[in-house]
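*Asks:* Can you read through this structure? Questions will come right after.
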Amino acid sequence: GALIKKSTDSSAFLAQEARNSIEACVQNFPPSKLCAAILLHCNSNPSPSARANAAQALLSLAQQAARSSYDVTRVVQCAKDKLLHDNSGQARAAAKGILTALDETHNLDKKQQLHFHRIKLYGDPLQKPSSKRGVVERSAQQSSSQAGARSVPRNEGLEEHKHLLEDLRSRDWHKRLDSVTGLGKALEASPGLIEHLAGSVQDPNLRVRVQALDVLRTAAASIAQRLPASSLATALLPVARATADRQAHRQATACLQAFADAAPGLSAPLRRHLASLPPRARAAVVAAVGRT
């Protein structure tokens, strides 16, 4: 409880240290006791920032701990009924990550599905951009265009590959694996599919995660320069987080390095996301972009 409160401290240094400590707790404390404490904050803490940090800790727990070591039912219920509708964008994004990691995306009612599909895996898509932000984004897009980069619409290739995208949500991991392979073949022609493929690096099945990482790594050289660096950095956040996955750390690190090598401009936008990543993932990102 004290760490969650401290994670919202007005001192950026103290707040970051508290978040680092929370991540260390996820990796070292008994999951069952830690889960109960985190759920308490997710469900009832009045501070949006505290709920967001608690939700992020719950996501880390879902990604790293064995399902049998904590109350998965309560975690899923909290993600579906509370966090998915939270007024904190970070909490909503964490809810989507939790439901994806625990393979519960098929057990949502219509309202939950609507919220789920409107949320990017790591971002705050329900907030409307301010006019100032819009000016900055338009300026960035113009600069990217002048530099020869092509802004790729998020829905590019969606209709053509609708069946493959639907299979990404299948309960059958074999179908999800085949879908990742199929989308990988279409990635060069439709770079906008990268966001969907990147989401699969957090699939509950290791083979699917590794295949998604390998597909993205292979495509890095051909698509990295065709996406604005800021958009690419956002799309690759699941890959950055996957470097903290002990089972897929090597593949995730290689994938991130391939994109960093192919897109030198990726360094600055990726570094801006460091504070939201687990300590091990931050180290991997710094190592990948350090020479670019």
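So you can find residues: chains in the structure tokens are A, B, ... in the order shown, residues in each start at 1, and ligands are numbered from 1 in order.
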Excluding Ala260 (chain A) and residues on its chain fewer than 5 positions from it, collect all residues at most 8 Å away from it, counting only C-alpha atoms, and give them as a PyMOL selection string.

*Replies:* chain A and resi 266-267+288-289+292

*Asks:* Each residue of region 159-183 of chain A lying at most 10 Å from region 90-110 of chain A should get a row with its shortest atom-to-atom pair and the distance in Å to one decimal, counting only C-alpha atoms; could you produce that, ordered by chain and increasing number, as CSV?

*Replies:*
residue,atom,partner,partner_atom,distance
A:Arg169,CA,A:Thr105,CA,7.0
A:Ser170,CA,A:His106,CA,7.7
A:Arg171,CA,A:His106,CA,7.4
A:Trp173,CA,A:Asp103,CA,9.9

*Asks:* With C-alpha atoms retained, write the just-selected residues as a PDB file, in the first residue's frame.

*Replies:*
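The resulting file, part22.pdb, is shown below:
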ATOM      1  CA  ARG A 169      -8.360 -13.875 -30.916  1.00  0.00           C
ATOM      2  CA  SER A 170      -9.063 -17.591 -31.316  1.00  0.00           C
ATOM      3  CA  ARG A 171      -8.993 -19.809 -28.223  1.00  0.00           C
ATOM      4  CA  TRP A 173      -3.304 -21.360 -30.084  1.00  0.00           C
TER       5      TRP A 173
END

*Asks:* Pick out the residues sitting within 9 Å of His196 (chain A), and hand them over as a list in words; count only C-alpha atoms, and ignore anything fewer than 5 positions along from it in its own chain.

*Replies:*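 Selected residues are Leu165, Leu168, Leu183 and Ala235 of chain A.
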
*Asks:* Could you list, as a list in words, every residue within 9 Å of region 30-35 of chain A, counting only C-alpha atoms and ignoring same-chain residues fewer than 4 positions away?

*Replies:*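 My reading of the contact set: Cys25, Val26, Leu39, Leu40, Ala57, Leu58, Leu61, Ala65, Ala66, Ser69, Tyr70, Asp71 and Val75 of chain A.
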
*Asks:* Using only C-alpha atoms, which protein or nucleic acid residues come within 9 Å of Ala50 (chain A)? Drop anything in the same chain fewer than 2 positions from it, and give the result as a VMD selection string.

*Replies:* chain A and resid 4 to 8 41 to 42 45 to 48 52 to 55

*Asks:* Could you state the separation of CA of Pro264 (chain A) and CA of Ala219 (chain A) in Å, given to one decimal place?

*Replies:*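 Pair CA of Pro264 (chain A) / CA of Ala219 (chain A) returns 15.9 Å.
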
*Asks:* As an exercise, work out the distance from CA of Glu17 (chain A) to CA of Val239 (chain A) in Å and give it to one decimal place.

*Replies:*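 So the two atoms, CA of Glu17 (chain A) and CA of Val239 (chain A), lie 23.3 Å apart.
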
*Asks:* May I ask which of the residues A:Ala24, A:Ala229, A:Leu164, A:Ala242 is the closest one to Pro204 (chain A), counting only C-alpha atoms?

*Replies:*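 Between A:Ala24, A:Ala229, A:Leu164, A:Ala242, the residue approaching Pro204 (chain A) most closely is A:Ala242.
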
*Asks:* Give me the residues near Gln251 (chain A) as a ChimeraX atom specification, where near means some atom within 7 Å (using only C-alpha atoms) and where sequence neighbours in that chain fewer than 2 positions away do not count.

*Replies:* /A:210,213-214,248-249,253-255

*Asks:* Output C-alpha atoms of each residue in that selection to a file, as an mmCIF file, in the first residue's frame.

*Replies:*
data_model
loop_
_atom_site.group_PDB
_atom_site.id
_atom_site.type_symbol
_atom_site.label_atom_id
_atom_site.label_comp_id
_atom_site.auth_asym_id
_atom_site.auth_seq_id
_atom_site.Cartn_x
_atom_site.Cartn_y
_atom_site.Cartn_z
ATOM 1 C CA VAL A 210 8.284 -16.315 -30.180
ATOM 2 C CA LEU A 213 8.864 -11.726 -32.357
ATOM 3 C CA ASP A 214 10.696 -13.598 -35.119
ATOM 4 C CA ALA A 248 11.241 -14.933 -24.747
ATOM 5 C CA HIS A 249 13.854 -12.407 -23.610
ATOM 6 C CA THR A 253 15.833 -8.263 -27.477
ATOM 7 C CA ALA A 254 16.895 -9.325 -30.979
ATOM 8 C CA CYS A 255 13.644 -7.949 -32.419
#

*Asks:* What gap, in Å, lies between CA of Val72 (chain A) and CA of Gln113 (chain A)?

*Replies:*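 CA of Val72 (chain A) sits 19.6 Å away from CA of Gln113 (chain A).
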
*Asks:* Could you give me, as a PyMOL selection string, the residues within 9 Å of Leu236 (chain A), counting only C-alpha atoms and dropping anything in the same chain fewer than 6 positions from it?

*Replies:* chain A and resi 194-195+198-199+256+259+270
